[in-house]
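Below is one structure; the comments refer to it alone.
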Amino acid sequence: MTGTLDPTHTPYVAVIPPSLLPFWNEFTASLAHDPLDHFYEAFHFDDNARSADELAALVLDGRKRATAGLLWAYESEGKPIPKPGDLSVVTLFSGEPVCIIETRDIKIVPFSEVGEDFAATEGEGDGSLARWQQAHKAFFGRECQRLGREFSLSAPVVCEKFAVVFRGTDRNAVQSGSDGAPTAGP
């Protein structure tokens, strides 16, 4: 799920999906101003339910404070690169909102130049660069196939660091079950 292009406007205009408006409104009620002009997108991580929900749980746990995407995917969708101050709704694969993150830093580097610090900040697996490369090579390979491109170590990667700025009520929390797999909150 992502913000959508409004064909009557150029450039990109992100639209909050109607199903997420109650969550967004809960967030804005906690502020002294309306941050709508900073809304970037609503999305889930990865391309499958299990991983998307596990990654959302890592964000809520504070272990995952970064994400990465191919620059080519942004270009293909006509979507600008996020910038510091942008706000995004993180959802489960099902579309249920779990939190709002604020972009803090963006760097675009070749895949081969993503460093250990960034890999650790992504908080996935054991946090090592080797694990990051393995997981992202597989994901970016699928993305490249979808885009009609060929993955290479020089593929441009958008490295985004973020902070959670809103968690919503407990009903939106992702919790780990007894087997460690995430489960939707009560």
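Numbering starts fresh at 1 for the residues of each chain in the structure tokens, the chains themselves are lettered A, B, ... in the order given, and ligands are numbered from 1 as they appear.
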
*range 110-113 of chain A: which residues within 12 Å, counting only C-alpha atoms, same-chain residues fewer than 4 positions away excluded, as a PyMOL selection string?*
chain A and resi 68-72+117-119+129-130+132-134+136-137+140-141+151-159

*Looking only at the backbone, which of the residues in chain A does DSSP tag as strand (DSSP E or B), as a ChimeraX atom specification?*
/A:39-43,66-70,87-91,97-110,156-166,174-176,182-184

*Near-range 96-108 of chain A list (8 Å; only C-alpha atoms; drop same-chain fewer than 6 positions) as a PyMOL selection string*: chain A and resi 20+23+56+60+71+82-90+156-168+172-174

*So, counting only C-alpha atoms, which residue among A:Glu150, A:Asp61, A:Glu26, A:Glu143 is closest to Asp46 in chain A?*
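Comparing A:Glu150, A:Asp61, A:Glu26, A:Glu143 against Asp46 in chain A, the winner is A:Glu143.
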
_Residue among A:Leu58, A:Leu147, A:Leu36, A:Leu21 lying closest to Gly125 in chain A, counting only C-alpha atoms_ = A:Leu58

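Checking A:Val59, A:Ile16, A:Ala32, A:Ala49 one by one against Gly123 in chain A, counting only C-alpha atoms, you find the shortest gap at A:Val59.
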
*Provide the CA of Ser51 in chain A to CA of Asp126 in chain A distance in Å, to one decimal place.*
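So the two atoms, CA of Ser51 in chain A and CA of Asp126 in chain A, lie 15.0 Å apart.
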
_helix (DSSP H, G or I) per DSSP on the backbone: members of range 107-154 of chain A, as a list in words_ =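 Filtering range 107-154 of chain A down to helix (DSSP H, G or I) leaves Phe111, Ser112, Glu113, Glu116, Asp117, Phe118, Ala119, Ala120, Thr121, Glu122, Leu129, Ala130, Arg131, Trp132, Gln133, Gln134, Ala135, His136, Lys137, Ala138, Phe139, Phe140, Gly141, Arg142, Glu143, Cys144, Gln145, Arg146 and Leu147 of chain A.
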